[in-house]
>>> print(open('structure39.csv').read())   # CSV, C-alpha atoms
chain,number,residue,atom,x,y,z
A,1,MET,CA,117.7,90.0,75.3
A,2,LYS,CA,120.3,92.7,75.7
A,3,MET,CA,117.7,95.4,75.0
A,4,LYS,CA,115.4,93.9,77.7
A,5,LYS,CA,118.2,93.9,80.2
A,6,ILE,CA,119.1,97.5,79.3
A,7,PHE,CA,115.5,98.6,79.6
A,8,SER,CA,115.2,96.8,83.0
A,9,ILE,CA,118.4,98.6,84.3
A,10,ILE,CA,117.1,101.9,83.0
A,11,MET,CA,113.7,101.4,84.8
A,12,LEU,CA,115.5,100.4,88.0
A,13,LEU,CA,117.7,103.5,87.9
A,14,ILE,CA,114.6,105.7,87.3
A,15,ALA,CA,112.9,104.1,90.3
A,16,VAL,CA,115.9,104.5,92.6
A,17,SER,CA,116.4,108.1,91.5
A,18,SER,CA,112.7,108.8,92.1
A,19,TYR,CA,112.8,107.5,95.6
A,20,ALA,CA,116.0,109.3,96.3
A,21,ALA,CA,114.4,112.5,95.1
A,22,ASP,CA,111.4,111.8,97.5
A,23,ASP,CA,113.8,111.3,100.4
A,24,ALA,CA,115.5,114.6,99.5
A,25,ARG,CA,112.2,116.4,99.4
A,26,MET,CA,111.1,114.8,102.7
A,27,GLN,CA,114.3,116.1,104.3
A,28,GLN,CA,113.7,119.5,102.7
A,29,ALA,CA,110.1,119.6,104.2
A,30,LEU,CA,111.4,118.5,107.6
A,31,SER,CA,114.0,121.4,107.5
A,32,LEU,CA,111.2,123.8,106.6
A,33,CYS,CA,109.2,122.6,109.6
A,34,GLN,CA,112.3,123.1,111.9
A,35,GLU,CA,112.6,126.7,110.5
A,36,GLY,CA,108.9,127.3,111.2
A,37,LYS,CA,107.9,127.5,107.5
A,38,PHE,CA,105.0,125.2,107.9
A,39,ASP,CA,103.0,126.3,104.9
A,40,GLU,CA,106.0,125.6,102.6
A,41,ALA,CA,106.4,122.2,104.2
A,42,VAL,CA,102.8,121.4,103.6
A,43,ASN,CA,103.2,122.3,99.9
A,44,THR,CA,106.2,120.0,99.7
A,45,TYR,CA,104.5,117.1,101.4
A,46,GLU,CA,101.3,117.5,99.3
A,47,ALA,CA,103.4,117.6,96.1
A,48,ILE,CA,104.9,114.2,97.0
A,49,LEU,CA,101.4,112.8,97.8
A,50,GLY,CA,100.2,114.2,94.5
A,51,GLU,CA,102.6,112.0,92.7
A,52,GLY,CA,101.1,108.8,94.1
A,53,ARG,CA,103.6,108.3,97.0
A,54,GLU,CA,102.2,107.6,100.4
A,55,SER,CA,103.4,106.2,103.7
A,56,ALA,CA,102.5,106.6,107.4
A,57,THR,CA,105.5,108.8,107.9
A,58,LEU,CA,104.5,111.1,105.0
A,59,TYR,CA,100.9,111.5,106.3
A,60,TYR,CA,102.1,112.0,109.9
A,61,ASN,CA,104.6,114.7,108.9
A,62,LEU,CA,102.0,116.4,106.7
A,63,GLY,CA,99.5,116.3,109.6
A,64,TYR,CA,102.1,117.8,111.9
A,65,ALA,CA,102.8,120.6,109.4
A,66,TYR,CA,99.1,121.3,109.1
A,67,TYR,CA,98.7,121.3,112.9
A,68,LYS,CA,101.5,123.8,113.3
A,69,SER,CA,100.0,126.0,110.6
A,70,GLY,CA,96.6,126.1,112.4
A,71,GLN,CA,94.6,123.9,110.0
A,72,LEU,CA,93.2,121.5,112.6
A,73,GLY,CA,90.9,119.6,110.3
A,74,LYS,CA,93.6,118.7,107.8
A,75,ALA,CA,96.0,117.9,110.6
A,76,ILE,CA,93.6,115.3,112.1
A,77,LEU,CA,92.7,113.9,108.7
A,78,ASN,CA,96.3,113.1,107.8
A,79,MET,CA,97.2,111.8,111.2
A,80,GLU,CA,94.2,109.5,111.0
A,81,ARG,CA,95.5,108.2,107.7
A,82,ALA,CA,99.0,107.7,109.2
A,83,GLN,CA,97.5,105.8,112.1
A,84,ARG,CA,95.6,103.5,109.7
A,85,LEU,CA,98.8,102.7,107.9
A,86,ASN,CA,100.7,102.2,111.1
A,87,PRO,CA,98.4,101.7,114.1
A,88,THR,CA,101.2,100.8,116.5
A,89,ASP,CA,103.1,104.1,116.2
A,90,THR,CA,102.8,105.8,119.6
A,91,ASP,CA,103.9,109.2,118.3
A,92,VAL,CA,101.0,109.3,115.9
A,93,LYS,CA,98.5,108.2,118.5
A,94,ALA,CA,99.8,110.8,121.1
A,95,ASN,CA,99.7,113.7,118.6
A,96,LEU,CA,96.3,112.6,117.2
A,97,GLU,CA,94.9,112.7,120.7
A,98,GLN,CA,96.4,116.1,121.3
A,99,ALA,CA,94.8,117.4,118.1
A,100,TYR,CA,91.4,115.9,119.0
A,101,SER,CA,91.6,117.6,122.4
A,102,LEU,CA,91.4,120.9,120.7
A,103,THR,CA,88.1,120.1,119.0
A,104,ASP,CA,84.6,120.1,120.4
A,105,GLN,CA,84.2,116.3,120.1
A,106,MET,CA,81.0,115.0,121.5
A,107,GLN,CA,81.1,112.5,124.4
A,108,THR,CA,82.4,109.2,123.2
A,109,ILE,CA,80.6,106.0,124.2
A,110,GLU,CA,83.1,103.6,125.7
A,111,PRO,CA,82.8,100.2,124.0
A,112,VAL,CA,82.2,97.1,126.2
A,113,PHE,CA,85.3,95.4,127.4
A,114,PHE,CA,85.5,92.5,125.0
A,115,VAL,CA,85.1,94.9,122.0
A,116,ARG,CA,87.9,97.1,123.4
A,117,TRP,CA,90.1,94.0,123.9
A,118,TRP,CA,89.5,92.9,120.3
A,119,HIS,CA,90.4,96.3,118.9
A,120,GLN,CA,93.6,96.3,121.0
A,121,PHE,CA,94.5,92.8,119.8
A,122,THR,CA,93.9,93.6,116.1
A,123,ASN,CA,96.0,96.7,116.4
A,124,ILE,CA,99.1,94.7,117.4
A,125,LEU,CA,100.0,94.4,113.7
A,126,ASN,CA,99.0,96.4,110.6
A,127,SER,CA,97.4,94.8,107.5
A,128,ASP,CA,100.7,93.6,106.0
A,129,GLY,CA,101.8,92.2,109.4
A,130,TRP,CA,98.7,90.1,109.7
A,131,ALA,CA,99.1,88.9,106.0
A,132,VAL,CA,102.7,87.8,106.8
A,133,LEU,CA,101.4,85.9,109.9
A,134,PHE,CA,98.8,84.2,107.7
A,135,ILE,CA,101.5,83.0,105.4
A,136,ILE,CA,103.6,81.6,108.3
A,137,LEU,CA,100.5,79.9,109.8
A,138,PHE,CA,99.6,78.5,106.4
A,139,VAL,CA,103.0,76.9,106.0
A,140,VAL,CA,102.8,75.5,109.6
A,141,MET,CA,99.4,74.0,108.7
A,142,LEU,CA,100.9,72.3,105.7
A,143,LEU,CA,103.6,70.8,107.8
A,144,GLY,CA,100.9,69.5,110.2
A,145,ILE,CA,99.0,68.0,107.3
A,146,GLY,CA,102.3,66.4,106.1
A,147,ALA,CA,102.9,64.9,109.5
A,148,PHE,CA,99.4,63.5,109.6
A,149,LEU,CA,99.7,61.9,106.2
A,150,PHE,CA,103.2,60.6,106.2
A,151,ALA,CA,104.4,60.1,109.8
A,152,ASP,CA,105.0,56.5,110.9
A,153,VAL,CA,104.3,57.2,114.6
A,154,ILE,CA,100.6,57.3,115.4
A,155,ALA,CA,101.1,59.9,118.2
A,156,LEU,CA,102.9,62.2,115.7
A,157,ARG,CA,100.1,61.8,113.2
A,158,LYS,CA,97.6,62.8,115.9
A,159,VAL,CA,99.6,65.9,116.8
A,160,GLY,CA,99.9,66.8,113.2
A,161,PHE,CA,96.2,66.5,112.6
A,162,PHE,CA,95.0,68.5,115.6
A,163,SER,CA,97.8,71.1,115.1
A,164,ALA,CA,96.7,71.6,111.5
A,165,ILE,CA,93.1,72.2,112.6
A,166,ILE,CA,94.1,74.7,115.2
A,167,VAL,CA,96.6,76.5,113.0
A,168,PHE,CA,94.0,76.6,110.1
A,169,PHE,CA,91.6,78.4,112.4
A,170,LEU,CA,94.3,80.9,113.5
A,171,ALA,CA,95.3,81.4,109.8
A,172,VAL,CA,91.7,82.2,108.9
A,173,VAL,CA,91.5,84.7,111.7
A,174,SER,CA,94.8,86.4,110.6
A,175,LEU,CA,93.7,86.6,107.0
A,176,SER,CA,90.3,88.0,108.0
A,177,ILE,CA,91.9,90.7,110.2
A,178,SER,CA,94.4,91.6,107.4
A,179,ILE,CA,91.6,91.9,104.8
A,180,SER,CA,89.5,94.0,107.3
A,181,LYS,CA,92.3,96.4,108.0
A,182,ARG,CA,93.2,96.7,104.3
A,183,ASN,CA,89.5,97.5,103.5
A,184,SER,CA,89.4,100.0,106.3
A,185,VAL,CA,92.3,101.8,104.6
A,186,LEU,CA,91.0,101.5,101.0
A,187,TYR,CA,87.2,101.9,101.6
A,188,SER,CA,87.0,104.1,104.7
A,189,GLN,CA,83.6,105.6,105.5
A,190,GLU,CA,84.9,107.7,108.3
A,191,ALA,CA,85.4,111.4,107.7
A,192,ILE,CA,86.6,114.6,109.3
A,193,ILE,CA,84.9,118.0,109.1
A,194,MET,CA,87.0,120.5,107.2
A,195,SER,CA,84.8,123.6,107.5
A,196,ALA,CA,85.1,126.0,110.5
A,197,SER,CA,81.5,125.2,111.5
A,198,VAL,CA,78.8,122.9,110.1
A,199,THR,CA,75.1,122.6,111.0
A,200,LEU,CA,73.8,119.1,111.5
A,201,THR,CA,70.1,118.8,110.5
A,202,THR,CA,67.4,116.2,110.7
A,203,SER,CA,66.8,116.0,106.9
A,204,PRO,CA,68.9,116.5,103.7
A,205,ASP,CA,67.6,120.0,102.9
A,206,LYS,CA,68.0,123.6,104.1
A,207,ASN,CA,64.7,123.4,105.9
A,208,GLY,CA,65.7,120.5,108.2
A,209,THR,CA,65.6,121.1,112.0
A,210,GLU,CA,69.0,122.1,113.4
A,211,MET,CA,70.4,119.3,115.6
A,212,ALA,CA,73.9,120.6,116.5
A,213,VAL,CA,76.7,122.9,115.3
A,214,LEU,CA,79.9,120.9,114.7
A,215,HIS,CA,83.4,122.4,114.2
A,216,GLU,CA,86.5,121.7,112.2
A,217,GLY,CA,88.2,118.4,113.1
A,218,THR,CA,85.1,116.6,114.3
A,219,HIS,CA,85.2,112.9,113.6
A,220,LEU,CA,82.1,111.2,112.2
A,221,THR,CA,81.0,108.1,110.2
A,222,ILE,CA,79.2,108.3,106.9
A,223,VAL,CA,76.0,106.3,106.8
A,224,SER,CA,74.5,107.1,103.4
A,225,GLU,CA,74.5,109.7,100.6
A,226,LEU,CA,71.7,111.6,98.9
A,227,GLY,CA,72.9,114.0,96.2
A,228,GLU,CA,75.0,116.7,97.7
A,229,TRP,CA,74.0,115.5,101.2
A,230,ILE,CA,75.4,112.8,103.5
A,231,GLU,CA,73.9,111.1,106.5
A,232,VAL,CA,76.4,110.9,109.3
A,233,GLN,CA,76.7,109.3,112.7
A,234,LEU,CA,78.5,111.0,115.6
A,235,LYS,CA,80.5,109.3,118.3
A,236,ASP,CA,77.6,109.7,120.7
A,237,GLY,CA,75.3,107.8,118.4
A,238,ASN,CA,73.3,110.8,117.0
A,239,ILE,CA,72.5,110.7,113.3
A,240,GLY,CA,71.9,113.7,111.1
A,241,TRP,CA,72.6,115.3,107.7
A,242,LEU,CA,75.1,117.7,106.4
A,243,LYS,CA,76.7,118.8,103.0
A,244,LYS,CA,79.1,116.3,101.5
A,245,SER,CA,81.5,119.2,100.6
A,246,GLU,CA,82.0,120.0,104.4
A,247,VAL,CA,83.9,116.8,105.1
A,248,GLU,CA,86.8,114.7,103.7
A,249,VAL,CA,86.9,110.9,103.9
A,250,ILE,CA,89.9,109.6,105.9
>>> encode(input="structure39.csv", output="structure tokens")
Amino acid sequence: MKMKKIFSIIMLLIAVSSYAADDARMQQALSLCQEGKFDEAVNTYEAILGEGRESATLYYNLGYAYYKSGQLGKAILNMERAQRLNPTDTDVKANLEQAYSLTDQMQTIEPVFFVRWWHQFTNILNSDGWAVLFIILFVVMLLGIGAFLFADVIALRKVGFFSAIIVFFLAVVSLSISISKRNSVLYSQEAIIMSASVTLTTSPDKNGTEMAVLHEGTHLTIVSELGEWIEVQLKDGNIGWLKKSEVEVI
């Protein structure tokens, strides 16, 4: 038992020292940015990511460093990743919009009002926030069921029954949103063009008809893959093919 306790204490100390080292390196990278040494800051942030550490703050700071070093595609890519982890951060949103304004993004089709409202509603919380809300609602539902089963007053039993039904529906919605947001982070099919310029063609080969020339930082959605080629959809709805190596998935 003593050996197990000693081992647990050692692992805890290692974890604490590891996070303390990460904080020190984050501060170091921030200082490098303040000194205008953005390439060195990028290397520091990338080293932290390379060790399996990730957070919205880390991706945002890395995106900012890339932006200041003139690498627009990587800046947008990392800011998008930061926004997915923390969709309510206004600084991330503002800087991402600023970065996109420097690209030749094609005209975006504005979604219908109820789709726009739904997106705004689901972005109130991130995946973890919706999961916590689900747990709270689930507990409330159990209380409602308890009131229905064990309350002596008929009116209270009715309230418990209908409340449990309503809260159950809200809990399912919360869980669905949480899972959807989590999957959008883990299994994203959106990507950013990394190359200076890319030719979008009508077919997955060099002989395909040229549709458009896209530039670094352009946002697109991957539809399918065929060997070294991917079929992508642009924000204006157009679909074409380009090399997989030209993009990086968010």
>>> residues_around(input="structure39.csv", residues="range 89-101 of chain A", least_positions_apart="5", cutoff="10 Å", atoms="all atoms listed in the file", output="NGL selection string")
:A and (56-57 or 59-61 or 63-64 or 67 or 72-73 or 75-84 or 217-219)
>>> closest_residue(input="structure39.csv", among="A:Ile135, A:Gln120, A:Leu200, A:Cys33", to="Leu62 in chain A", atoms="all atoms listed in the file")
A:Cys33
>>> residues_around(input="structure39.csv", residues="Val213 in chain A", least_positions_apart="2", cutoff="8 Å", atoms="all atoms listed in the file", output="mmCIF file with C-alpha atoms, in the frame of the given file")
data_model
loop_
_atom_site.group_PDB
_atom_site.id
_atom_site.type_symbol
_atom_site.label_atom_id
_atom_site.label_comp_id
_atom_site.auth_asym_id
_atom_site.auth_seq_id
_atom_site.Cartn_x
_atom_site.Cartn_y
_atom_site.Cartn_z
ATOM 1 C CA SER A 197 81.500 125.200 111.500
ATOM 2 C CA VAL A 198 78.800 122.900 110.100
ATOM 3 C CA THR A 199 75.100 122.600 111.000
ATOM 4 C CA LEU A 200 73.800 119.100 111.500
ATOM 5 C CA GLU A 210 69.000 122.100 113.400
ATOM 6 C CA MET A 211 70.400 119.300 115.600
ATOM 7 C CA HIS A 215 83.400 122.400 114.200
#
>>> closest_residue(input="structure39.csv", among="A:Asp152, A:Glu246, A:Asp128, A:Glu54", to="Leu214 in chain A", atoms="only C-alpha atoms")
A:Glu246
>>> atom_distance(input="structure39.csv", atom1="CA of Thr88 in chain A", atom2="CA of Ser180 in chain A")
16.4 Å
>>> residues_around(input="structure39.csv", residues="Asp39 in chain A", least_positions_apart="2", cutoff="8 Å", atoms="only C-alpha atoms", output="number ranges by chain")
A: 37, 41-43, 65-66, 69
>>> write_last_selection(input="structure39.csv", atoms="C-alpha atoms", output="PDB file, in the frame of the given file")
ATOM      1  CA  LYS A  37     107.900 127.500 107.500  1.00  0.00           C
ATOM      2  CA  ALA A  41     106.400 122.200 104.200  1.00  0.00           C
ATOM      3  CA  VAL A  42     102.800 121.400 103.600  1.00  0.00           C
ATOM      4  CA  ASN A  43     103.200 122.300  99.900  1.00  0.00           C
ATOM      5  CA  ALA A  65     102.800 120.600 109.400  1.00  0.00           C
ATOM      6  CA  TYR A  66      99.100 121.300 109.100  1.00  0.00           C
ATOM      7  CA  SER A  69     100.000 126.000 110.600  1.00  0.00           C
TER       8      SER A  69
END
>>> closest_residue(input="structure39.csv", among="A:Lys68, A:Leu186, A:Thr201, A:Ser195", to="Glu216 in chain A", atoms="only C-alpha atoms")
A:Ser195
>>> atom_distance(input="structure39.csv", atom1="CA of Asn238 in chain A", atom2="CA of Leu102 in chain A")
21.1 Å
>>> atom_distance(input="structure39.csv", atom1="CA of Trp118 in chain A", atom2="CA of Phe161 in chain A")
28.3 Å
>>> residues_around(input="structure39.csv", residues="Lys181 in chain A", least_positions_apart="4", cutoff="10 Å", atoms="only C-alpha atoms", output="VMD selection string")
chain A and resid 84 to 85 122 to 123 125 to 128 130 175 to 177 185 to 188
>>> closest_residue(input="structure39.csv", among="A:Met26, A:Ala155, A:Ile222, A:Ile230", to="Leu49 in chain A", atoms="only C-alpha atoms")
A:Met26
>>> residues_near_point(input="structure39.csv", point="(98.5, 82.3, 109.5)", cutoff="6 Å", atoms="only C-alpha atoms", output="ChimeraX atom specification")
/A:133-138,170-171,174
>>> decode(input="structure39.csv", residues="range 161-186 of chain A", atoms="N, CA, C and O atoms", output="PDB file, in the first residue's frame")
ATOM      1  N   PHE A 161     -44.720  14.575 -13.134  1.00  0.00           N
ATOM      2  CA  PHE A 161     -44.813  13.790 -14.372  1.00  0.00           C
ATOM      3  C   PHE A 161     -44.534  14.644 -15.605  1.00  0.00           C
ATOM      4  O   PHE A 161     -43.682  14.295 -16.434  1.00  0.00           O
ATOM      5  N   PHE A 162     -45.250  15.760 -15.720  1.00  0.00           N
ATOM      6  CA  PHE A 162     -45.081  16.602 -16.912  1.00  0.00           C
ATOM      7  C   PHE A 162     -43.714  17.296 -16.920  1.00  0.00           C
ATOM      8  O   PHE A 162     -43.120  17.493 -17.990  1.00  0.00           O
ATOM      9  N   SER A 163     -43.226  17.647 -15.740  1.00  0.00           N
ATOM     10  CA  SER A 163     -41.892  18.251 -15.674  1.00  0.00           C
ATOM     11  C   SER A 163     -40.829  17.270 -16.136  1.00  0.00           C
ATOM     12  O   SER A 163     -39.896  17.636 -16.858  1.00  0.00           O
ATOM     13  N   ALA A 164     -40.971  16.002 -15.728  1.00  0.00           N
ATOM     14  CA  ALA A 164     -40.003  14.987 -16.128  1.00  0.00           C
ATOM     15  C   ALA A 164     -39.989  14.808 -17.638  1.00  0.00           C
ATOM     16  O   ALA A 164     -38.923  14.654 -18.248  1.00  0.00           O
ATOM     17  N   ILE A 165     -41.158  14.850 -18.265  1.00  0.00           N
ATOM     18  CA  ILE A 165     -41.235  14.706 -19.722  1.00  0.00           C
ATOM     19  C   ILE A 165     -40.543  15.876 -20.422  1.00  0.00           C
ATOM     20  O   ILE A 165     -39.751  15.688 -21.353  1.00  0.00           O
ATOM     21  N   ILE A 166     -40.849  17.092 -19.969  1.00  0.00           N
ATOM     22  CA  ILE A 166     -40.261  18.285 -20.600  1.00  0.00           C
ATOM     23  C   ILE A 166     -38.750  18.305 -20.412  1.00  0.00           C
ATOM     24  O   ILE A 166     -37.983  18.553 -21.354  1.00  0.00           O
ATOM     25  N   VAL A 167     -38.310  18.026 -19.173  1.00  0.00           N
ATOM     26  CA  VAL A 167     -36.879  18.052 -18.879  1.00  0.00           C
ATOM     27  C   VAL A 167     -36.153  16.929 -19.619  1.00  0.00           C
ATOM     28  O   VAL A 167     -35.005  17.100 -20.050  1.00  0.00           O
ATOM     29  N   PHE A 168     -36.808  15.789 -19.782  1.00  0.00           N
ATOM     30  CA  PHE A 168     -36.218  14.696 -20.551  1.00  0.00           C
ATOM     31  C   PHE A 168     -35.934  15.145 -21.985  1.00  0.00           C
ATOM     32  O   PHE A 168     -34.852  14.886 -22.540  1.00  0.00           O
ATOM     33  N   PHE A 169     -36.887  15.830 -22.593  1.00  0.00           N
ATOM     34  CA  PHE A 169     -36.707  16.339 -23.954  1.00  0.00           C
ATOM     35  C   PHE A 169     -35.539  17.325 -24.016  1.00  0.00           C
ATOM     36  O   PHE A 169     -34.681  17.240 -24.908  1.00  0.00           O
ATOM     37  N   LEU A 170     -35.472  18.242 -23.039  1.00  0.00           N
ATOM     38  CA  LEU A 170     -34.384  19.222 -23.013  1.00  0.00           C
ATOM     39  C   LEU A 170     -33.031  18.539 -22.796  1.00  0.00           C
ATOM     40  O   LEU A 170     -32.018  18.950 -23.373  1.00  0.00           O
ATOM     41  N   ALA A 171     -33.023  17.482 -21.967  1.00  0.00           N
ATOM     42  CA  ALA A 171     -31.781  16.752 -21.718  1.00  0.00           C
ATOM     43  C   ALA A 171     -31.291  16.064 -22.979  1.00  0.00           C
ATOM     44  O   ALA A 171     -30.085  16.053 -23.273  1.00  0.00           O
ATOM     45  N   VAL A 172     -32.213  15.474 -23.733  1.00  0.00           N
ATOM     46  CA  VAL A 172     -31.835  14.822 -24.999  1.00  0.00           C
ATOM     47  C   VAL A 172     -31.265  15.836 -25.978  1.00  0.00           C
ATOM     48  O   VAL A 172     -30.257  15.576 -26.654  1.00  0.00           O
ATOM     49  N   VAL A 173     -31.881  17.011 -26.044  1.00  0.00           N
ATOM     50  CA  VAL A 173     -31.374  18.074 -26.923  1.00  0.00           C
ATOM     51  C   VAL A 173     -29.972  18.490 -26.498  1.00  0.00           C
ATOM     52  O   VAL A 173     -29.067  18.630 -27.335  1.00  0.00           O
ATOM     53  N   SER A 174     -29.763  18.679 -25.194  1.00  0.00           N
ATOM     54  CA  SER A 174     -28.449  19.087 -24.684  1.00  0.00           C
ATOM     55  C   SER A 174     -27.394  18.045 -24.997  1.00  0.00           C
ATOM     56  O   SER A 174     -26.281  18.378 -25.424  1.00  0.00           O
ATOM     57  N   LEU A 175     -27.729  16.776 -24.781  1.00  0.00           N
ATOM     58  CA  LEU A 175     -26.777  15.699 -25.064  1.00  0.00           C
ATOM     59  C   LEU A 175     -26.454  15.634 -26.553  1.00  0.00           C
ATOM     60  O   LEU A 175     -25.284  15.448 -26.943  1.00  0.00           O
ATOM     61  N   SER A 176     -27.464  15.802 -27.392  1.00  0.00           N
ATOM     62  CA  SER A 176     -27.260  15.769 -28.848  1.00  0.00           C
ATOM     63  C   SER A 176     -26.336  16.887 -29.304  1.00  0.00           C
ATOM     64  O   SER A 176     -25.441  16.680 -30.130  1.00  0.00           O
ATOM     65  N   ILE A 177     -26.547  18.090 -28.765  1.00  0.00           N
ATOM     66  CA  ILE A 177     -25.696  19.222 -29.126  1.00  0.00           C
ATOM     67  C   ILE A 177     -24.269  18.983 -28.663  1.00  0.00           C
ATOM     68  O   ILE A 177     -23.305  19.256 -29.387  1.00  0.00           O
ATOM     69  N   SER A 178     -24.119  18.453 -27.427  1.00  0.00           N
ATOM     70  CA  SER A 178     -22.785  18.169 -26.894  1.00  0.00           C
ATOM     71  C   SER A 178     -22.042  17.174 -27.777  1.00  0.00           C
ATOM     72  O   SER A 178     -20.870  17.377 -28.109  1.00  0.00           O
ATOM     73  N   ILE A 179     -22.729  16.095 -28.155  1.00  0.00           N
ATOM     74  CA  ILE A 179     -22.099  15.077 -29.006  1.00  0.00           C
ATOM     75  C   ILE A 179     -21.748  15.653 -30.368  1.00  0.00           C
ATOM     76  O   ILE A 179     -20.667  15.400 -30.907  1.00  0.00           O
ATOM     77  N   SER A 180     -22.665  16.447 -30.924  1.00  0.00           N
ATOM     78  CA  SER A 180     -22.418  17.054 -32.233  1.00  0.00           C
ATOM     79  C   SER A 180     -21.201  17.967 -32.201  1.00  0.00           C
ATOM     80  O   SER A 180     -20.354  17.935 -33.108  1.00  0.00           O
ATOM     81  N   LYS A 181     -21.099  18.791 -31.150  1.00  0.00           N
ATOM     82  CA  LYS A 181     -19.959  19.709 -31.040  1.00  0.00           C
ATOM     83  C   LYS A 181     -18.667  18.941 -30.814  1.00  0.00           C
ATOM     84  O   LYS A 181     -17.614  19.310 -31.342  1.00  0.00           O
ATOM     85  N   ARG A 182     -18.744  17.874 -30.020  1.00  0.00           N
ATOM     86  CA  ARG A 182     -17.552  17.064 -29.767  1.00  0.00           C
ATOM     87  C   ARG A 182     -17.081  16.404 -31.060  1.00  0.00           C
ATOM     88  O   ARG A 182     -15.879  16.382 -31.368  1.00  0.00           O
ATOM     89  N   ASN A 183     -18.029  15.880 -31.838  1.00  0.00           N
ATOM     90  CA  ASN A 183     -17.673  15.234 -33.109  1.00  0.00           C
ATOM     91  C   ASN A 183     -17.104  16.237 -34.110  1.00  0.00           C
ATOM     92  O   ASN A 183     -16.228  15.904 -34.908  1.00  0.00           O
ATOM     93  N   SER A 184     -17.623  17.486 -34.059  1.00  0.00           N
ATOM     94  CA  SER A 184     -17.117  18.505 -34.987  1.00  0.00           C
ATOM     95  C   SER A 184     -15.660  18.838 -34.698  1.00  0.00           C
ATOM     96  O   SER A 184     -14.919  19.268 -35.583  1.00  0.00           O
ATOM     97  N   VAL A 185     -15.258  18.634 -33.416  1.00  0.00           N
ATOM     98  CA  VAL A 185     -13.855  18.866 -33.047  1.00  0.00           C
ATOM     99  C   VAL A 185     -12.999  17.668 -33.429  1.00  0.00           C
ATOM    100  O   VAL A 185     -11.909  17.802 -33.986  1.00  0.00           O
ATOM    101  N   LEU A 186     -13.504  16.448 -33.150  1.00  0.00           N
ATOM    102  CA  LEU A 186     -12.706  15.239 -33.354  1.00  0.00           C
ATOM    103  C   LEU A 186     -12.705  14.763 -34.798  1.00  0.00           C
ATOM    104  O   LEU A 186     -11.708  14.210 -35.268  1.00  0.00           O
TER     105      LEU A 186
END
